[in-house]
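Before any comments, here is the structure.
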Amino acid sequence: MPGERSTAPTCMEKITDKYHRPVQPGGKQPEQYFDIKQVPKRTFQIGLAALFTGIGISVYDASIGLYVSSFLVACFCFSILMFMLLKYHGDIKDLSVSIISMVCALLVFAVCLEGLQSEEYLYFFPLLIAVPLLVDLKQTRYRKSFLFVSIIIFSFIACIVIGRYVRPMEDFTVTQVTRLAFINRITAIGTTIVFASVYTFFEKKYIDELMEQSHKVIDAKTQFLASMGHELRTPLNGIIGVVNLMKEEQDAVKQSEYLQIIQSCSDHMLQQVNDVLDFNKIEAGKFDFHPAAFNLRDLLLNISRPFVLLAGEKSVEFIIELCPEIDVLVMADDLRLTQIFNNLLSNALKFTDIGFIKLESAFMKRNERSITLSFSVEDSGIGIDKADQEKIFDSFWQARNEETKQISGTGLGLTICKRIVSLMGSRLTLISKKGSGSKFSFDLAFNYAEKPAPAPKKVNSAGDLKGVKVLLVEDNKINMMVAKKILTGFKATVTGAYDGMEALNNMANDCSFHVVLMDLDMPVMNGYAAIYEMKKQYPEVPVIALTASLVDEQMLADLVASGFKDCLVKPYQPLELLSCLRKYL
């Protein structure tokens, strides 16, 4: 968006799962990914604890002459080590299941070997405490923890039954039993206390992190609402003020000037809304690209023209350095490229009062099918401090001109630029120094267009719809009035209806309508229900949807499948409406 340095929010991402960040486009985790529960890491730690505890018990058993028990525990330690190595190399999926199962199996075999007199069953208590450390309860919804607890309880019951009714396989002296039971008690109690303390520590850490994330979300929402409030109220205040002035103004020249101000303020408000909608589409993974054939050099020159004039008004030199290889016909989304360069050039112009702004392209490589080019937008403006260069790609963060103390914009411009460039398979980079300007760069590969771009259909602004009968279905009276004025201005004959039922009645009384413009959200009968009846009764009449909703590729496909010929998003320009109608007449 014009006039800002900012980019994508991590705080404003949905936190229905607050401790697992969503996967970015392309399947990669965000760079600052942080698993708040750290379950895989703790599973390794508890596995190591079990390994070293087992080694200690094995050595102790051997020292008091219990060689069979020592060998059994040593085998257990070896198994734990093997499972950890397999997990490290990715050969097993879940280490926690293996650890729990191995410990339970060891305790069952230990009771078979030693009976209940050695009190090995006491190790089930720290094992139960370890379950919430090994299982992410917030994520698994207790299914996995129920499995673990079931294994532990079943093994505990098996130990008690075996200990009571099966004779131990190994004979002990009274001294050996006393020493073994004492060591098992101390070790079991100690590990229980340690696991309980660790569990308490990690739960506190989880709660603290959750609170911090919640505060960040609240702060981000507050900042977003404040920014949007400022950015929308400022042009809205201009519109209201100018409208009041126009009521008293009789001079035609002044009225024309006021209308230009209203148009400018309206365009600014629409840009803010479009940025928010684009950002929302990117976050939802519904950001679409629509490649078209165009000349890359012509596109950049067309984008640059308004900025050349604006730079001249500020006495800032605007430099364009385009490599010869850029004069080529390519297939890409020209609207998204325009969006990127508009944002970068607007930022450069906003923060540069003296010096230059430079748009540059450089050739990198080519093959039979594609060409790779490097693009950069450089300025000699206020620059960005090194400490802030990470923040520049956080959403709703804005650079401030310390001399004027002024900022503007919602802080989404660079957010959107960075995400679009990323979705195009590249990366937006920044080189900047405080007080010495900034340079944003990225590389893009373009496929050659197989055939010349078709000439755009020119809409004659003086064209008309004379003889065309339009049924306009719109429940909002102001929108109805505006659309009627536009259509009658193009000499169309317009009949209005305020809901789908009234529209069907009008078509039943007069079946000579050439086209229907229909809002989607209306009382009595909405557009979705009305189109179903219209297509059954009047399949030859084209129906165009009017909506202020966020229309993505899926929604457009659904509308076409429902029977609509096309969709026009409000607010629209008069020539957009005329062009859309002409396609289906």
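Ordering of the structure tokens sets the chain letters (A, B, ...), residue numbers begin anew at 1 in every chain, and ligands are numbered from 1 in the order given.
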Write out as a short mmCIF file (atom, residue, chain, number, x, y, z; two decimals) with all heavy atoms, in the first residue's frame the residues lying within 12 Å of Ile189 in chain A, counting only C-alpha atoms and excluding same-chain residues fewer than 4 positions away.
data_model
loop_
_atom_site.label_atom_id
_atom_site.label_comp_id
_atom_site.auth_asym_id
_atom_site.auth_seq_id
_atom_site.Cartn_x
_atom_site.Cartn_y
_atom_site.Cartn_z
N GLU A 119 10.17 -54.36 44.90
CA GLU A 119 9.38 -53.13 44.78
C GLU A 119 9.68 -52.38 43.47
O GLU A 119 9.65 -51.15 43.41
CB GLU A 119 9.61 -52.22 45.99
CG GLU A 119 9.21 -52.89 47.30
CD GLU A 119 9.29 -51.96 48.50
OE1 GLU A 119 9.47 -50.74 48.32
OE2 GLU A 119 9.16 -52.46 49.62
N GLU A 120 9.92 -53.15 42.40
CA GLU A 120 10.11 -52.54 41.08
C GLU A 120 8.85 -51.81 40.60
O GLU A 120 8.93 -50.86 39.82
CB GLU A 120 10.48 -53.62 40.06
CG GLU A 120 11.81 -54.29 40.28
CD GLU A 120 12.95 -53.52 39.62
OE1 GLU A 120 12.68 -52.45 39.05
OE2 GLU A 120 14.10 -53.99 39.69
N TYR A 121 7.67 -52.27 41.09
CA TYR A 121 6.41 -51.69 40.64
C TYR A 121 6.28 -50.20 41.00
O TYR A 121 5.46 -49.47 40.43
CB TYR A 121 5.22 -52.46 41.24
CG TYR A 121 5.21 -52.48 42.74
CD1 TYR A 121 4.60 -51.45 43.46
CD2 TYR A 121 5.78 -53.54 43.44
CE1 TYR A 121 4.59 -51.48 44.85
CE2 TYR A 121 5.77 -53.57 44.82
CZ TYR A 121 5.18 -52.53 45.51
OH TYR A 121 5.17 -52.55 46.89
N LEU A 122 7.11 -49.72 41.93
CA LEU A 122 7.07 -48.30 42.30
C LEU A 122 7.43 -47.38 41.14
O LEU A 122 7.08 -46.20 41.14
CB LEU A 122 8.02 -48.04 43.48
CG LEU A 122 7.64 -48.67 44.83
CD1 LEU A 122 8.71 -48.40 45.86
CD2 LEU A 122 6.29 -48.13 45.30
N TYR A 123 8.13 -47.91 40.13
CA TYR A 123 8.51 -47.09 38.98
C TYR A 123 7.32 -46.71 38.10
O TYR A 123 7.43 -45.87 37.21
CB TYR A 123 9.57 -47.82 38.13
CG TYR A 123 10.91 -47.89 38.80
CD1 TYR A 123 11.38 -49.10 39.32
CD2 TYR A 123 11.70 -46.76 38.92
CE1 TYR A 123 12.61 -49.17 39.94
CE2 TYR A 123 12.94 -46.82 39.54
CZ TYR A 123 13.39 -48.03 40.05
OH TYR A 123 14.61 -48.10 40.67
N PHE A 124 6.15 -47.35 38.35
CA PHE A 124 4.97 -46.96 37.59
C PHE A 124 4.50 -45.54 37.96
O PHE A 124 3.86 -44.87 37.15
CB PHE A 124 3.83 -47.96 37.83
CG PHE A 124 3.97 -49.22 37.03
CD1 PHE A 124 4.32 -50.41 37.66
CD2 PHE A 124 3.76 -49.23 35.66
CE1 PHE A 124 4.45 -51.58 36.92
CE2 PHE A 124 3.90 -50.39 34.92
CZ PHE A 124 4.24 -51.58 35.56
N PHE A 125 4.81 -45.08 39.17
CA PHE A 125 4.38 -43.75 39.60
C PHE A 125 5.09 -42.64 38.82
O PHE A 125 4.43 -41.75 38.27
CB PHE A 125 4.56 -43.59 41.10
CG PHE A 125 3.65 -44.46 41.90
CD1 PHE A 125 4.12 -45.63 42.49
CD2 PHE A 125 2.31 -44.16 42.04
CE1 PHE A 125 3.27 -46.46 43.21
CE2 PHE A 125 1.45 -44.98 42.76
CZ PHE A 125 1.94 -46.14 43.35
N PRO A 126 6.44 -42.66 38.72
CA PRO A 126 7.07 -41.63 37.87
C PRO A 126 6.70 -41.79 36.39
O PRO A 126 6.65 -40.82 35.64
CB PRO A 126 8.57 -41.86 38.09
CG PRO A 126 8.71 -43.23 38.60
CD PRO A 126 7.46 -43.47 39.41
N LEU A 127 6.39 -43.05 35.99
CA LEU A 127 6.00 -43.27 34.60
C LEU A 127 4.67 -42.58 34.29
O LEU A 127 4.50 -41.98 33.22
CB LEU A 127 5.89 -44.78 34.33
CG LEU A 127 5.87 -45.22 32.88
CD1 LEU A 127 7.12 -44.76 32.16
CD2 LEU A 127 5.74 -46.74 32.79
N ILE A 129 3.52 -39.92 35.87
CA ILE A 129 3.80 -38.48 35.87
C ILE A 129 4.44 -38.04 34.55
O ILE A 129 4.25 -36.92 34.08
CB ILE A 129 4.74 -38.10 37.05
CG1 ILE A 129 4.07 -38.45 38.38
CG2 ILE A 129 5.10 -36.63 37.00
CD1 ILE A 129 2.84 -37.65 38.69
N PHE A 182 15.46 -50.86 48.86
CA PHE A 182 15.83 -49.50 49.28
C PHE A 182 16.20 -48.64 48.07
O PHE A 182 15.74 -47.50 47.93
CB PHE A 182 16.99 -49.58 50.27
CG PHE A 182 17.49 -48.23 50.70
CD1 PHE A 182 16.78 -47.46 51.61
CD2 PHE A 182 18.67 -47.71 50.16
CE1 PHE A 182 17.24 -46.21 52.00
CE2 PHE A 182 19.13 -46.46 50.54
CZ PHE A 182 18.41 -45.71 51.46
N ILE A 183 17.06 -49.18 47.21
CA ILE A 183 17.48 -48.43 46.01
C ILE A 183 16.28 -48.12 45.11
O ILE A 183 16.14 -47.01 44.58
CB ILE A 183 18.56 -49.20 45.24
CG1 ILE A 183 19.88 -49.20 46.01
CG2 ILE A 183 18.77 -48.61 43.85
CD1 ILE A 183 20.46 -47.81 46.23
N ASN A 184 15.39 -49.12 44.92
CA ASN A 184 14.22 -48.91 44.07
C ASN A 184 13.29 -47.83 44.64
O ASN A 184 12.74 -47.01 43.90
CB ASN A 184 13.46 -50.21 43.86
CG ASN A 184 14.18 -51.14 42.90
OD1 ASN A 184 14.96 -50.70 42.05
ND2 ASN A 184 13.95 -52.44 43.04
N ARG A 185 13.12 -47.84 45.99
CA ARG A 185 12.28 -46.81 46.62
C ARG A 185 12.86 -45.41 46.40
O ARG A 185 12.16 -44.48 45.98
CB ARG A 185 12.15 -47.06 48.11
CG ARG A 185 11.30 -48.25 48.49
CD ARG A 185 11.39 -48.48 49.97
NE ARG A 185 10.90 -49.79 50.37
CZ ARG A 185 11.12 -50.34 51.56
NH1 ARG A 185 11.84 -49.69 52.46
NH2 ARG A 185 10.63 -51.52 51.82
N ILE A 193 9.54 -37.12 41.92
CA ILE A 193 9.67 -35.70 42.28
C ILE A 193 10.24 -34.89 41.12
O ILE A 193 9.76 -33.81 40.80
CB ILE A 193 10.57 -35.55 43.53
CG1 ILE A 193 9.87 -36.18 44.75
CG2 ILE A 193 10.91 -34.10 43.79
CD1 ILE A 193 10.75 -36.25 45.99
N VAL A 194 11.26 -35.47 40.46
CA VAL A 194 11.88 -34.76 39.33
C VAL A 194 10.87 -34.57 38.19
O VAL A 194 10.73 -33.46 37.65
CB VAL A 194 13.12 -35.53 38.83
CG1 VAL A 194 13.61 -34.94 37.50
CG2 VAL A 194 14.22 -35.48 39.86
N PHE A 195 10.16 -35.64 37.83
CA PHE A 195 9.19 -35.53 36.74
C PHE A 195 8.06 -34.56 37.09
O PHE A 195 7.60 -33.79 36.24
CB PHE A 195 8.61 -36.90 36.39
CG PHE A 195 9.56 -37.78 35.62
CD1 PHE A 195 9.29 -39.13 35.44
CD2 PHE A 195 10.72 -37.26 35.08
CE1 PHE A 195 10.16 -39.94 34.73
CE2 PHE A 195 11.60 -38.06 34.36
CZ PHE A 195 11.31 -39.40 34.19
N ALA A 196 7.60 -34.59 38.34
CA ALA A 196 6.54 -33.66 38.76
C ALA A 196 7.03 -32.21 38.69
O ALA A 196 6.30 -31.32 38.25
CB ALA A 196 6.09 -34.00 40.18
#
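Minimum atom-to-atom distance to Glu170 in chain A, evaluated using only C-alpha atoms, belongs to A:Tyr67 out of A:Phe294, A:Tyr67, A:Phe154, A:Phe76.
For the pair CA of Ser512 in chain A and CA of Glu540 in chain A, the separation is 10.8 Å.
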Listing only residues of range 405-516 of chain A within 10 Å of range 320-328 of chain A, what is the closest atom pair and its distance in Å (to one decimal) for each, using only C-alpha atoms, sorted by chain and residue number ascending, as JSON lines?
{"residue": "A:Phe446", "atom": "CA", "partner": "A:Val328", "partner_atom": "CA", "distance": 9.9}
{"residue": "A:Tyr448", "atom": "CA", "partner": "A:Val328", "partner_atom": "CA", "distance": 7.8}
{"residue": "A:Ala449", "atom": "CA", "partner": "A:Val328", "partner_atom": "CA", "distance": 8.7}
Which residues, written as a list in words, have at least one atom at most 12 Å from Leu116 in chain A, with only C-alpha atoms counted and residues fewer than 6 positions away on the same chain left out? Leu107, Val108, Phe109, Ala110, Leu122, Phe156, Ala158, Cys159, Ile160, Val161, Ile162, Gly163, Arg164, Tyr165, Val166, Arg167, Pro168, Met169, Val177, Leu180, Ala181 and Asn184 of chain A
Check range 252-442 of chain A with DSSP on the backbone and list each residue it calls helix (DSSP H, G or I), as JSON, numbers by chain. {"A": [252, 253, 254, 255, 256, 257, 258, 259, 260, 261, 262, 263, 264, 265, 266, 267, 268, 269, 270, 271, 272, 273, 274, 275, 276, 277, 278, 279, 280, 281, 282, 283, 296, 297, 298, 299, 300, 301, 302, 303, 304, 305, 306, 307, 308, 309, 310, 311, 312, 313, 324, 325, 326, 334, 335, 336, 337, 338, 339, 340, 341, 342, 343, 344, 345, 346, 347, 348, 349, 350, 386, 387, 388, 391, 392, 393, 413, 414, 415, 416, 417, 418, 419, 420, 421, 422, 423]}
For range 469-475 of chain A: contacts at 10 Å, only C-alpha atoms, fewer than 5 positions along chain excluded, given as an NGL selection string: :A and (480-481 or 483-484 or 487-488 or 491-504 or 506-507 or 512-523 or 526-527 or 543-547 or 581)
Within 10 Å of Met102 in chain A, counting only C-alpha atoms, which residues qualify if same-chain residues fewer than 3 places away don't, as a PyMOL selection string? chain A and resi 76-77+79-80+83+96-99+105-108
Need to verify the contact set: Pro539 in chain A, 12 Å, only C-alpha atoms, exclusion of same-chain residues closer than 6 positions in sequence. Can you return it as a count of residues only? 11
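For the set A:Leu309, A:Val330, A:Ala362, A:Leu414, the residue with the smallest atom-to-atom gap to Leu349 in chain A is A:Leu309, counting only C-alpha atoms.
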Quick check for you: according to DSSP on this backbone, which residues of range 268-343 of chain A are classed as strand (DSSP E)? Reply as a PyMOL selection string. chain A and resi 292-295+317-321+329-332
Could you save those same residues with C-alpha atoms as a PDB file, in the first residue's frame?
ATOM      1  CA  ALA A 292      -1.533 -13.105 -19.009  1.00  0.00           C
ATOM      2  CA  ALA A 293       0.755 -12.257 -21.928  1.00  0.00           C
ATOM      3  CA  PHE A 294       2.330  -8.792 -21.792  1.00  0.00           C
ATOM      4  CA  ASN A 295       5.541  -6.913 -22.556  1.00  0.00           C
ATOM      5  CA  GLU A 317      15.143  12.596  -9.434  1.00  0.00           C
ATOM      6  CA  PHE A 318      13.427   9.475 -10.780  1.00  0.00           C
ATOM      7  CA  ILE A 319      15.885   7.118 -12.520  1.00  0.00           C
ATOM      8  CA  ILE A 320      14.812   4.187 -14.701  1.00  0.00           C
ATOM      9  CA  GLU A 321      17.511   1.705 -15.734  1.00  0.00           C
ATOM     10  CA  LEU A 329       6.735 -10.907 -24.093  1.00  0.00           C
ATOM     11  CA  VAL A 330       6.139 -13.028 -20.978  1.00  0.00           C
ATOM     12  CA  MET A 331       3.345 -14.911 -19.214  1.00  0.00           C
ATOM     13  CA  ALA A 332       2.741 -13.669 -15.661  1.00  0.00           C
TER      14      ALA A 332
END
Leu585 in chain A environment, 10 Å, only C-alpha atoms, sequence neighbours closer than 2 positions dropped, as a short mmCIF file (atom, residue, chain, number, x, y, z; two decimals) with all heavy atoms, in the first residue's frame:
data_model
loop_
_atom_site.label_atom_id
_atom_site.label_comp_id
_atom_site.auth_asym_id
_atom_site.auth_seq_id
_atom_site.Cartn_x
_atom_site.Cartn_y
_atom_site.Cartn_z
N LEU A 465 -25.52 1.95 -23.83
CA LEU A 465 -26.27 0.70 -23.80
C LEU A 465 -27.69 0.96 -24.33
O LEU A 465 -28.66 0.43 -23.80
CB LEU A 465 -26.32 0.15 -22.37
CG LEU A 465 -24.98 -0.23 -21.74
CD1 LEU A 465 -25.15 -0.53 -20.25
CD2 LEU A 465 -24.35 -1.43 -22.44
N VAL A 468 -30.82 -1.50 -24.47
CA VAL A 468 -30.61 -2.63 -23.57
C VAL A 468 -31.50 -2.48 -22.34
O VAL A 468 -31.52 -1.43 -21.69
CB VAL A 468 -29.13 -2.71 -23.14
CG1 VAL A 468 -28.93 -3.84 -22.11
CG2 VAL A 468 -28.23 -2.92 -24.34
N HIS A 514 -32.59 -8.02 -21.21
CA HIS A 514 -31.38 -8.52 -21.87
C HIS A 514 -30.34 -9.04 -20.88
O HIS A 514 -29.53 -9.90 -21.23
CB HIS A 514 -30.74 -7.40 -22.71
CG HIS A 514 -31.61 -6.95 -23.84
ND1 HIS A 514 -32.41 -5.82 -23.77
CD2 HIS A 514 -31.82 -7.48 -25.08
CE1 HIS A 514 -33.06 -5.66 -24.90
NE2 HIS A 514 -32.72 -6.67 -25.73
N VAL A 515 -30.34 -8.50 -19.67
CA VAL A 515 -29.35 -8.89 -18.67
C VAL A 515 -29.88 -8.58 -17.29
O VAL A 515 -30.70 -7.67 -17.13
CB VAL A 515 -28.00 -8.16 -18.93
CG1 VAL A 515 -28.15 -6.66 -18.69
CG2 VAL A 515 -26.88 -8.72 -18.06
N VAL A 541 -31.13 -15.69 -20.36
CA VAL A 541 -30.83 -14.34 -19.86
C VAL A 541 -29.57 -14.38 -19.00
O VAL A 541 -29.53 -15.09 -17.99
CB VAL A 541 -32.01 -13.78 -19.03
CG1 VAL A 541 -31.67 -12.37 -18.52
CG2 VAL A 541 -33.28 -13.75 -19.87
N PRO A 542 -28.51 -13.67 -19.38
CA PRO A 542 -27.30 -13.67 -18.55
C PRO A 542 -27.52 -12.93 -17.23
O PRO A 542 -28.13 -11.84 -17.22
CB PRO A 542 -26.27 -12.93 -19.43
CG PRO A 542 -27.07 -12.10 -20.36
CD PRO A 542 -28.35 -12.83 -20.59
N CYS A 580 -18.28 -5.00 -18.33
CA CYS A 580 -18.81 -6.31 -17.92
C CYS A 580 -20.12 -6.61 -18.65
O CYS A 580 -20.33 -7.73 -19.12
CB CYS A 580 -19.02 -6.31 -16.40
SG CYS A 580 -19.53 -7.92 -15.75
N LEU A 581 -21.00 -5.62 -18.76
CA LEU A 581 -22.27 -5.85 -19.45
C LEU A 581 -22.07 -6.14 -20.93
O LEU A 581 -22.73 -7.00 -21.51
CB LEU A 581 -23.18 -4.63 -19.28
CG LEU A 581 -23.76 -4.42 -17.87
CD1 LEU A 581 -24.53 -3.11 -17.81
CD2 LEU A 581 -24.66 -5.57 -17.47
N ARG A 582 -21.15 -5.43 -21.55
CA ARG A 582 -20.92 -5.60 -22.99
C ARG A 582 -20.43 -7.01 -23.34
O ARG A 582 -20.65 -7.50 -24.44
CB ARG A 582 -19.92 -4.57 -23.49
CG ARG A 582 -20.53 -3.19 -23.68
CD ARG A 582 -19.49 -2.23 -24.25
NE ARG A 582 -20.08 -0.97 -24.64
CZ ARG A 582 -19.39 0.04 -25.14
NH1 ARG A 582 -18.09 -0.08 -25.33
NH2 ARG A 582 -20.00 1.16 -25.47
N LYS A 583 -19.74 -7.65 -22.39
CA LYS A 583 -19.24 -9.00 -22.66
C LYS A 583 -20.37 -9.99 -22.88
O LYS A 583 -20.19 -11.02 -23.55
CB LYS A 583 -18.36 -9.49 -21.50
CG LYS A 583 -17.00 -8.84 -21.45
CD LYS A 583 -16.07 -9.57 -20.51
CE LYS A 583 -16.51 -9.48 -19.07
NZ LYS A 583 -15.55 -10.13 -18.14
#
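Nearest residue to Thr53 in chain A, choosing from A:Ile218, A:Val73, A:Leu133, A:Ile153 and counting only C-alpha atoms: A:Val73.
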